[in-house]
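Source file: query35.cif (mmCIF, C-alpha atoms and all ligand atoms)
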data_coords
#
loop_
_atom_site.label_atom_id
_atom_site.label_comp_id
_atom_site.auth_asym_id
_atom_site.auth_seq_id
_atom_site.Cartn_x
_atom_site.Cartn_y
_atom_site.Cartn_z
CA MET A 1 -37.92 8.39 -7.96
CA ARG A 2 -35.89 9.62 -5.05
CA ALA A 3 -32.28 8.65 -4.45
CA GLN A 4 -31.75 5.17 -3.17
CA ILE A 5 -29.36 4.77 -0.31
CA HIS A 6 -27.37 1.78 0.62
CA ILE A 7 -26.81 1.86 4.37
CA GLN A 8 -24.27 -0.10 6.22
CA MET A 9 -22.68 0.47 9.58
CA ILE A 10 -19.59 2.42 8.71
CA ASP A 11 -16.11 2.16 10.08
CA TRP A 12 -15.67 5.93 10.01
CA ALA A 13 -12.08 5.90 11.08
CA SER A 14 -11.08 4.10 7.89
CA ASP A 15 -13.77 4.89 5.35
CA GLY A 16 -12.05 7.97 3.98
CA LEU A 17 -15.34 9.80 3.34
CA PRO A 18 -14.49 13.32 4.47
CA ASN A 19 -18.01 14.65 5.00
CA GLY A 20 -19.48 11.47 6.36
CA ARG A 21 -21.57 11.16 3.21
CA LEU A 22 -23.10 7.83 2.39
CA GLN A 23 -22.42 5.91 -0.73
CA THR A 24 -25.51 5.63 -2.91
CA SER A 25 -26.35 2.70 -5.09
CA GLY A 26 -28.41 3.24 -8.20
CA ASN A 27 -29.89 -0.24 -8.59
CA GLY A 28 -33.28 0.90 -7.27
CA GLU A 29 -33.77 -2.19 -5.10
CA ILE A 30 -33.05 -0.76 -1.69
CA SER A 31 -35.73 1.43 -0.20
CA LEU A 32 -35.05 4.75 1.49
CA LYS A 33 -34.04 4.40 5.10
CA ARG A 34 -36.39 5.90 7.63
CA VAL A 35 -35.35 7.73 10.77
CA VAL A 36 -37.70 8.58 13.65
CA VAL A 37 -36.44 11.62 15.56
CA SER A 38 -37.96 12.64 18.89
CA GLY A 39 -37.32 16.25 19.85
CA ALA A 40 -37.30 17.15 16.15
CA ALA A 41 -38.46 20.74 16.75
CA GLY A 42 -35.72 21.48 19.26
CA PHE A 43 -32.47 23.29 18.58
CA VAL A 44 -30.25 20.25 17.96
CA GLY A 45 -33.11 18.01 16.78
CA SER A 46 -34.08 20.38 13.97
CA HIS A 47 -30.49 20.59 12.71
CA MET A 48 -30.24 16.81 12.84
CA CYS A 49 -33.44 16.42 10.79
CA GLU A 50 -32.06 18.84 8.23
CA ARG A 51 -28.84 16.85 7.91
CA LEU A 52 -30.70 13.55 7.60
CA VAL A 53 -32.99 14.87 4.86
CA ALA A 54 -29.95 16.31 3.04
CA GLU A 55 -28.33 12.86 3.25
CA GLY A 56 -31.38 11.32 1.55
CA PHE A 57 -33.14 9.73 4.53
CA ASP A 58 -36.88 9.75 5.14
CA VAL A 59 -37.46 11.45 8.49
CA LEU A 60 -40.43 11.31 10.84
CA GLY A 61 -40.03 14.09 13.39
CA ILE A 62 -41.89 13.97 16.69
CA ASP A 63 -42.17 16.76 19.25
CA ASN A 64 -44.67 17.92 21.87
CA LEU A 65 -43.40 21.52 21.46
CA LEU A 66 -42.91 21.92 25.22
CA THR A 67 -39.61 23.70 24.63
CA GLY A 68 -39.20 23.20 20.86
CA ALA A 69 -40.86 25.33 18.18
CA GLU A 70 -42.53 24.30 14.94
CA ARG A 71 -40.85 27.20 13.11
CA ASN A 72 -37.52 25.40 13.61
CA LEU A 73 -38.80 22.91 11.03
CA SER A 74 -40.39 25.38 8.61
CA HIS A 75 -37.57 24.93 6.07
CA LEU A 76 -38.36 21.18 5.97
CA SER A 77 -42.15 21.45 5.74
CA SER A 78 -42.21 21.27 1.93
CA SER A 79 -39.78 18.35 1.76
CA PRO A 80 -41.37 15.05 0.63
CA SER A 81 -38.80 13.29 2.85
CA PHE A 82 -39.98 14.90 6.07
CA ASP A 83 -43.11 14.29 8.16
CA PHE A 84 -43.98 15.70 11.54
CA ILE A 85 -46.22 14.39 14.32
CA LEU A 86 -47.18 16.55 17.29
CA HIS A 87 -46.86 13.98 20.06
CA ASP A 88 -45.44 13.55 23.56
CA VAL A 89 -43.21 10.46 23.43
CA THR A 90 -43.91 9.67 27.09
CA ARG A 91 -47.50 8.80 26.00
CA PRO A 92 -48.28 5.51 24.29
CA ARG A 93 -48.83 5.67 20.53
CA ASP A 94 -48.42 3.16 17.78
CA LEU A 95 -46.20 5.06 15.36
CA PRO A 96 -46.91 4.39 11.67
CA GLY A 97 -44.42 2.68 9.37
CA LYS A 98 -41.19 0.94 10.08
CA ALA A 99 -38.17 2.74 11.53
CA ASP A 100 -34.62 1.86 10.54
CA PHE A 101 -33.14 4.32 13.03
CA VAL A 102 -34.65 5.79 16.19
CA LEU A 103 -33.02 8.94 17.54
CA HIS A 104 -34.26 9.93 21.00
CA MET A 105 -33.37 13.60 21.25
CA ALA A 106 -36.41 14.93 23.12
CA SER A 107 -35.78 16.79 26.40
CA PRO A 108 -35.72 20.28 27.81
CA ALA A 109 -32.00 21.07 27.72
CA SER A 110 -31.30 24.53 29.11
CA PRO A 111 -31.03 24.90 32.90
CA LYS A 112 -33.87 27.46 32.79
CA ASP A 113 -36.13 25.06 30.85
CA TYR A 114 -35.45 21.91 32.82
CA MET A 115 -35.80 23.71 36.14
CA GLU A 116 -39.18 25.03 34.93
CA PHE A 117 -40.22 21.54 33.76
CA PRO A 118 -38.42 19.14 36.15
CA ILE A 119 -41.07 16.41 36.05
CA GLU A 120 -41.43 16.49 32.29
CA THR A 121 -37.63 16.31 32.05
CA LEU A 122 -37.48 13.24 34.28
CA GLU A 123 -40.35 11.63 32.37
CA VAL A 124 -38.94 12.13 28.88
CA GLY A 125 -35.59 10.76 30.04
CA SER A 126 -37.19 7.71 31.66
CA VAL A 127 -40.60 6.82 30.19
CA GLY A 128 -39.76 8.56 26.91
CA THR A 129 -36.51 6.64 26.55
CA ARG A 130 -38.32 3.40 27.29
CA ARG A 131 -40.98 4.05 24.64
CA MET A 132 -38.40 4.92 22.02
CA LEU A 133 -36.37 1.83 22.89
CA GLU A 134 -39.53 -0.27 22.52
CA LEU A 135 -40.03 1.23 19.08
CA ALA A 136 -36.44 0.39 18.14
CA GLN A 137 -36.93 -3.17 19.37
CA ARG A 138 -40.27 -3.52 17.53
CA ASP A 139 -38.70 -2.44 14.24
CA ASP A 140 -35.25 -3.93 14.79
CA ALA A 141 -33.93 -0.39 14.34
CA LYS A 142 -30.69 1.20 15.44
CA PHE A 143 -31.29 3.40 18.53
CA LEU A 144 -29.36 6.50 19.55
CA VAL A 145 -30.00 8.57 22.67
CA THR A 146 -28.62 12.07 23.14
CA SER A 147 -27.19 12.20 26.64
CA THR A 148 -25.15 15.01 28.13
CA SER A 149 -21.92 16.16 29.74
CA GLU A 150 -24.16 16.85 32.77
CA CYS A 151 -23.73 13.13 33.49
CA TYR A 152 -20.31 14.18 34.83
CA GLY A 153 -21.92 16.76 37.17
CA ASP A 154 -19.35 19.12 38.70
CA PRO A 155 -16.45 16.99 37.49
CA ALA A 156 -13.47 16.09 39.63
CA MET A 157 -11.69 14.76 36.53
CA HIS A 158 -10.59 17.20 33.83
CA PRO A 159 -10.98 16.96 30.90
CA GLN A 160 -13.87 14.53 31.10
CA VAL A 161 -13.33 11.11 29.57
CA GLU A 162 -16.18 8.63 29.00
CA THR A 163 -14.92 6.24 31.66
CA TYR A 164 -15.31 8.90 34.39
CA TRP A 165 -18.47 8.20 36.44
CA GLY A 166 -19.17 11.76 37.43
CA ASN A 167 -19.91 13.88 40.47
CA VAL A 168 -23.66 14.55 40.42
CA ASN A 169 -25.84 15.93 43.22
CA PRO A 170 -28.88 13.62 42.97
CA VAL A 171 -31.22 16.05 44.78
CA GLY A 172 -29.97 19.46 43.59
CA PRO A 173 -31.80 21.79 41.16
CA ARG A 174 -30.01 20.30 38.13
CA SER A 175 -30.68 16.72 39.22
CA CYS A 176 -33.91 16.41 37.19
CA TYR A 177 -31.81 16.70 34.02
CA ASP A 178 -28.62 14.97 35.13
CA GLU A 179 -30.34 11.97 36.65
CA ALA A 180 -32.88 11.70 33.83
CA LYS A 181 -30.02 11.43 31.36
CA ARG A 182 -28.05 9.04 33.56
CA PHE A 183 -31.18 6.89 33.84
CA ALA A 184 -31.66 7.12 30.05
CA GLU A 185 -28.12 5.83 29.59
CA ALA A 186 -28.70 2.98 32.08
CA MET A 187 -31.95 2.02 30.38
CA THR A 188 -30.32 2.12 26.96
CA MET A 189 -27.55 -0.21 28.15
CA ALA A 190 -30.15 -2.54 29.71
CA TRP A 191 -32.02 -2.77 26.39
CA HIS A 192 -28.75 -3.29 24.61
CA ARG A 193 -27.61 -6.05 26.94
CA SER A 194 -30.85 -7.88 27.64
CA ARG A 195 -32.96 -7.19 24.53
CA ARG A 196 -30.08 -7.09 22.05
CA VAL A 197 -31.09 -3.71 20.61
CA ASN A 198 -28.33 -2.01 18.63
CA THR A 199 -27.79 1.22 20.60
CA SER A 200 -25.51 4.24 20.87
CA ILE A 201 -25.16 6.95 23.53
CA ALA A 202 -23.90 10.46 22.67
CA ARG A 203 -22.75 12.64 25.57
CA ILE A 204 -23.26 16.14 24.19
CA PHE A 205 -21.23 19.05 25.60
CA ASN A 206 -22.25 22.73 25.35
CA THR A 207 -23.48 23.38 21.82
CA TYR A 208 -24.56 26.65 20.20
CA GLY A 209 -25.84 28.00 16.92
CA PRO A 210 -28.89 29.35 15.10
CA ARG A 211 -32.32 28.25 16.44
CA MET A 212 -31.32 28.39 20.08
CA LYS A 213 -34.02 30.31 21.92
CA LEU A 214 -33.05 33.89 22.63
CA ALA A 215 -34.56 33.75 26.12
CA ASP A 216 -33.66 30.20 27.16
CA GLY A 217 -31.19 31.47 29.76
CA ARG A 218 -28.12 29.75 28.32
CA VAL A 219 -24.98 31.75 28.17
CA VAL A 220 -24.64 31.98 24.37
CA PRO A 221 -28.04 33.56 23.60
CA ALA A 222 -27.97 35.54 26.88
CA PHE A 223 -24.62 37.21 26.16
CA ILE A 224 -25.42 37.83 22.47
CA ASP A 225 -28.81 39.33 23.37
CA GLN A 226 -27.27 41.58 26.01
CA ALA A 227 -24.38 42.65 23.79
CA LEU A 228 -26.67 43.49 20.85
CA ARG A 229 -28.86 45.59 23.16
CA GLY A 230 -25.80 47.34 24.58
CA GLU A 231 -26.69 46.03 28.04
CA PRO A 232 -24.23 44.59 30.59
CA MET A 233 -23.57 40.88 30.26
CA THR A 234 -24.77 38.88 33.25
CA VAL A 235 -21.73 36.87 34.35
CA PHE A 236 -22.66 34.39 37.07
CA GLY A 237 -20.09 34.23 39.88
CA ASP A 238 -16.65 35.61 39.07
CA GLY A 239 -16.74 34.11 35.56
CA SER A 240 -13.77 31.82 36.16
CA GLN A 241 -15.89 28.69 35.53
CA THR A 242 -15.10 27.11 32.17
CA ARG A 243 -17.10 25.65 29.29
CA SER A 244 -16.14 24.34 25.84
CA PHE A 245 -18.51 25.40 23.08
CA CYS A 246 -19.24 23.32 19.98
CA TYR A 247 -20.92 24.70 16.87
CA VAL A 248 -24.11 22.83 16.00
CA SER A 249 -23.05 21.57 12.55
CA ASP A 250 -19.98 19.92 14.11
CA LEU A 251 -22.13 18.25 16.74
CA VAL A 252 -24.63 17.03 14.14
CA ASP A 253 -21.81 15.52 12.10
CA GLY A 254 -20.67 13.59 15.18
CA LEU A 255 -24.22 12.42 15.89
CA PHE A 256 -24.65 11.30 12.30
CA ARG A 257 -21.44 9.30 12.38
CA LEU A 258 -22.37 7.75 15.71
CA MET A 259 -25.83 6.83 14.40
CA LEU A 260 -24.15 4.78 11.68
CA SER A 261 -21.57 3.20 13.96
CA SER A 262 -21.92 0.09 16.07
CA GLU A 263 -20.44 1.66 19.24
CA ALA A 264 -22.70 0.96 22.24
CA MET A 265 -20.74 2.60 25.05
CA PRO A 266 -21.03 6.41 25.55
CA VAL A 267 -19.14 8.76 23.23
CA ASN A 268 -18.33 12.39 24.11
CA LEU A 269 -19.23 14.92 21.40
CA GLY A 270 -18.07 18.49 21.95
CA ASN A 271 -15.38 20.98 21.08
CA PRO A 272 -12.34 20.71 23.37
CA ARG A 273 -11.51 24.43 23.11
CA GLU A 274 -12.06 25.55 26.71
CA THR A 275 -12.76 29.12 27.79
CA THR A 276 -13.69 30.86 31.02
CA ILE A 277 -17.10 32.51 30.96
CA LEU A 278 -15.47 35.91 31.43
CA GLU A 279 -13.20 35.36 28.41
CA PHE A 280 -16.26 34.20 26.48
CA ALA A 281 -18.08 37.46 27.32
CA GLN A 282 -15.11 39.36 25.90
CA VAL A 283 -15.18 37.35 22.64
CA ILE A 284 -18.88 38.09 22.17
CA ALA A 285 -18.44 41.77 22.99
CA ASP A 286 -15.65 42.00 20.40
CA LEU A 287 -17.66 40.18 17.71
CA THR A 288 -20.71 42.41 18.24
CA GLY A 289 -18.52 45.51 18.16
CA GLN A 290 -19.38 46.45 21.73
CA LYS A 291 -17.16 47.58 24.58
CA ILE A 292 -17.54 44.89 27.24
CA LYS A 293 -19.88 45.68 30.15
CA VAL A 294 -20.43 43.06 32.84
CA THR A 295 -22.76 42.63 35.82
CA HIS A 296 -21.81 39.85 38.21
CA LEU A 297 -24.75 37.81 39.52
CA PRO A 298 -24.65 34.94 42.06
CA LEU A 299 -23.38 31.61 40.73
CA PRO A 300 -26.34 29.18 40.47
CA GLU A 301 -26.31 26.18 42.83
CA ASP A 302 -24.28 23.21 41.53
CA ASP A 303 -23.02 25.16 38.50
CA PRO A 304 -20.09 23.01 37.27
CA LYS A 305 -16.76 24.80 37.75
CA GLN A 306 -15.09 23.32 34.70
CA ARG A 307 -16.08 21.39 31.60
CA GLN A 308 -14.02 20.18 28.67
CA PRO A 309 -14.60 17.04 26.64
CA ASP A 310 -11.91 14.49 25.99
CA ILE A 311 -12.86 13.52 22.42
CA SER A 312 -10.10 10.97 21.80
CA LYS A 313 -12.69 8.22 21.51
CA ALA A 314 -14.83 10.06 18.92
CA ARG A 315 -11.70 10.89 16.96
CA ARG A 316 -10.60 7.27 17.03
CA ILE A 317 -13.82 5.40 16.30
CA LEU A 318 -15.75 7.99 14.26
CA GLY A 319 -12.88 9.85 12.59
CA TRP A 320 -14.70 12.96 13.90
CA GLU A 321 -13.23 16.34 14.63
CA PRO A 322 -14.99 19.69 15.20
CA VAL A 323 -13.94 22.04 12.39
CA VAL A 324 -15.83 25.31 13.02
CA ALA A 325 -13.72 27.91 14.85
CA MET A 326 -15.42 29.61 17.78
CA GLU A 327 -15.26 33.05 16.16
CA ASP A 328 -16.83 31.76 12.91
CA GLY A 329 -19.61 29.87 14.70
CA LEU A 330 -20.36 32.85 16.91
CA LYS A 331 -20.47 35.24 13.93
CA THR A 332 -23.11 33.04 12.24
CA THR A 333 -25.04 32.81 15.50
CA ILE A 334 -24.90 36.58 16.09
CA ASP A 335 -26.14 37.13 12.51
CA TYR A 336 -29.06 34.81 13.29
CA PHE A 337 -29.99 36.62 16.51
CA ARG A 338 -29.47 40.19 15.29
CA PRO A 339 -32.81 40.61 13.42
CA ILE A 340 -34.67 38.84 16.23
CA VAL A 341 -33.26 41.26 18.81
CA GLU A 342 -33.89 44.24 16.52
CA GLU A 343 -37.51 43.18 16.05
CA GLU A 344 -37.97 42.90 19.81
CA LEU A 345 -36.42 46.31 20.35
CA GLN A 346 -38.73 47.85 17.74
CA GLU A 347 -41.78 46.21 19.29
CA ALA A 348 -40.76 47.49 22.71
CA MET A 349 -40.33 51.02 21.31
CA SER A 350 -43.78 50.91 19.73
CA GLY A 351 -45.25 49.76 23.07
CA GLY A 352 -45.42 46.09 22.06
CA GLY A 353 -45.26 44.81 25.67
CA SER A 354 -43.69 41.60 26.95
CA ARG A 355 -40.95 39.68 25.13
CA PRO A 356 -41.96 36.49 23.35
CA GLN A 357 -40.43 33.18 24.42
CA GLY A 358 -38.12 32.00 21.76
N1 LIG B 401 -23.85 31.82 32.67
C1 LIG B 401 -23.55 33.17 32.93
N2 LIG B 401 -24.47 34.11 32.59
C2 LIG B 401 -25.66 33.79 31.98
C3 LIG B 401 -25.94 32.43 31.70
C4 LIG B 401 -25.01 31.48 32.06
O1 LIG B 401 -22.49 33.51 33.48
O2 LIG B 401 -26.44 34.72 31.70
C5 LIG B 401 -22.84 30.81 33.02
C6 LIG B 401 -23.39 29.66 33.85
O3 LIG B 401 -23.33 29.96 35.23
C7 LIG B 401 -22.47 28.52 33.46
C8 LIG B 401 -22.08 28.84 32.01
O4 LIG B 401 -22.38 30.22 31.83
O5 LIG B 401 -21.32 28.53 34.26
C9 LIG B 401 -22.86 28.01 31.00
O6 LIG B 401 -24.21 28.11 31.30
P1 LIG B 401 -25.36 27.52 30.39
O7 LIG B 401 -26.66 27.78 31.10
O8 LIG B 401 -25.22 28.02 29.01
O9 LIG B 401 -25.07 25.94 30.31
P2 LIG B 401 -24.55 24.87 31.37
O10 LIG B 401 -23.23 24.48 30.85
O11 LIG B 401 -24.46 25.45 32.75
O12 LIG B 401 -25.57 23.78 31.29
#
Transcribe the structure of this file into structure tokens.
Ligand code: UDP
Amino acid sequence: MRAQIHIQMIDWASDGLPNGRLQTSGNGEISLKRVVVSGAAGFVGSHMCERLVAEGFDVLGIDNLLTGAERNLSHLSSSPSFDFILHDVTRPRDLPGKADFVLHMASPASPKDYMEFPIETLEVGSVGTRRMLELAQRDDAKFLVTSTSECYGDPAMHPQVETYWGNVNPVGPRSCYDEAKRFAEAMTMAWHRSRRVNTSIARIFNTYGPRMKLADGRVVPAFIDQALRGEPMTVFGDGSQTRSFCYVSDLVDGLFRLMLSSEAMPVNLGNPRETTILEFAQVIADLTGQKIKVTHLPLPEDDPKQRQPDISKARRILGWEPVVAMEDGLKTTIDYFRPIVEEELQEAMSGGGSRPQG
């Protein structure tokens, strides 16, 4: 018989459990808790599923593989606690079994992906959020939606605190993502207020780590790929724009704590260490043992000039703090990408043709 878990909403700030681990009870009366995760095959979704299984939950992962990849879940495929359904959560479907938690994590998330799939992005943030909320209501489950720092747009307030309403261009190229997530937040609050569903909203800031797609256009895989190939790093604009990068295991720990909390209003999750993109290029060059080479390309429209989370709220209510130093997280990420880049280089040398997506 598998481990039995006793779940209760946890006051993280005072529980004194350093890893956020749950207390288990051995009386055998309480059944395993079941979590439905949309976007399970994505970068963050797959890490979240892994954490949940490691914590002893039963997980049903859902993904339509639009931007996710089944191989992200290969390490879970033999686990008796993990099931996967290939499904687009914007389409109706009566999901089997009862959910205790519903995590709506499905969405294209890199600017390249959501600009390629703007309608799908708007639909998964709107219709998809609605369907997942309906599931949570049907099963009386706790609901969590992964929102984004993009809700703050090109922020006039720095660092960004949850009470800031943002500065978003509603018709610009990033609007499909920003407005989808803002709508997802509004819909979540509506279900919370009028249907009494227990909900949480995570505003995720820039996150990186293994299982990002090499060619998804985001700055972390782009710079690592370029550095490992010995090519110039493509810095958009003059590189003075800032971001704050959080390692994926830190983010997942924050999401896990938020899932088990009763906080309904948005919570920022990100690493407050802020860096300019040019400084970031230098860090990656150093860690890959390369002399920095840079090509400046035009700054994309509506690219936020600065971004840094204020995580006082997460610290206070979740007892959460990112613990992975940027250099350590980047080393692990570079080690993940190195064989992938080497394989691509070898294929190219043997006339293997175009680069795969992913
Ligand atoms: N960026 C860059 N070169 C690249 C990719 C991105 O200079 O090859 C910049 C981009 O303009 C932005 C920052 O890096 O200012 C982060 O971009 P990313 O696409 O990773 O995420 P964003 O925070 O913009 O959603």
Practice problem: Rank nothing, just name the residue among A:Gln160, A:Ser312, A:Thr207, A:Thr90 nearest to ligand LIG 401 (chain B), using only C-alpha atoms and all ligand atoms. | Solution: A:Thr207
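In this structure, atom CA of Pro266 of chain A sits 4.6 Å away from atom CA of Ile201 of chain A.
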Exercise. Can you pull out every residue within 9 Å of segment 111-119 of chain A, counting all atoms listed in the file, but drop anything in the same chain fewer than 2 positions away, and send it as number ranges by chain?
Key: A: 66-67, 107-109, 121-124, 173-177, 216-218
Do you know which residues are within 8 Å of ligand LIG 401 (chain B) using all atoms listed in the file? Can you write them as a compact mmCIF listing (two decimals) with C-alpha atoms, in the frame of the given file?
# COMPACT_ATOMS: atom_id res chain seq x y z
CA ALA A 109 -32.00 21.07 27.72
CA SER A 110 -31.30 24.53 29.11
CA PRO A 111 -31.03 24.90 32.90
CA LYS A 112 -33.87 27.46 32.79
CA GLU A 150 -24.16 16.85 32.77
CA PHE A 205 -21.23 19.05 25.60
CA ASN A 206 -22.25 22.73 25.35
CA GLY A 217 -31.19 31.47 29.76
CA ARG A 218 -28.12 29.75 28.32
CA VAL A 219 -24.98 31.75 28.17
CA VAL A 220 -24.64 31.98 24.37
CA ALA A 222 -27.97 35.54 26.88
CA PHE A 223 -24.62 37.21 26.16
CA MET A 233 -23.57 40.88 30.26
CA THR A 234 -24.77 38.88 33.25
CA VAL A 235 -21.73 36.87 34.35
CA PHE A 236 -22.66 34.39 37.07
CA GLY A 237 -20.09 34.23 39.88
CA GLY A 239 -16.74 34.11 35.56
CA GLN A 241 -15.89 28.69 35.53
CA THR A 242 -15.10 27.11 32.17
CA ARG A 243 -17.10 25.65 29.29
CA ILE A 277 -17.10 32.51 30.96
CA LEU A 278 -15.47 35.91 31.43
CA HIS A 296 -21.81 39.85 38.21
CA LEU A 297 -24.75 37.81 39.52
CA LEU A 299 -23.38 31.61 40.73
CA PRO A 300 -26.34 29.18 40.47
CA ASP A 303 -23.02 25.16 38.50
CA PRO A 304 -20.09 23.01 37.27
CA LYS A 305 -16.76 24.80 37.75
CA ARG A 307 -16.08 21.39 31.60
Self-check item: Exercise: Gly230 of chain A partners within 12 Å, all atoms listed in the file, chain neighbours under 5 positions left out, as a PyMOL selection string
Solution: chain A and resi 223-225+284-285+288-294+341-342+345
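Ranking A:Asp154, A:Asp63, A:Glu50, A:Asp100 by their shortest atom-to-atom distance to Glu301 of chain A, with only C-alpha atoms included, puts A:Asp154 first.
Counting from atom CA of Thr199 of chain A, the distance to atom CA of Lys142 of chain A is 5.9 Å.
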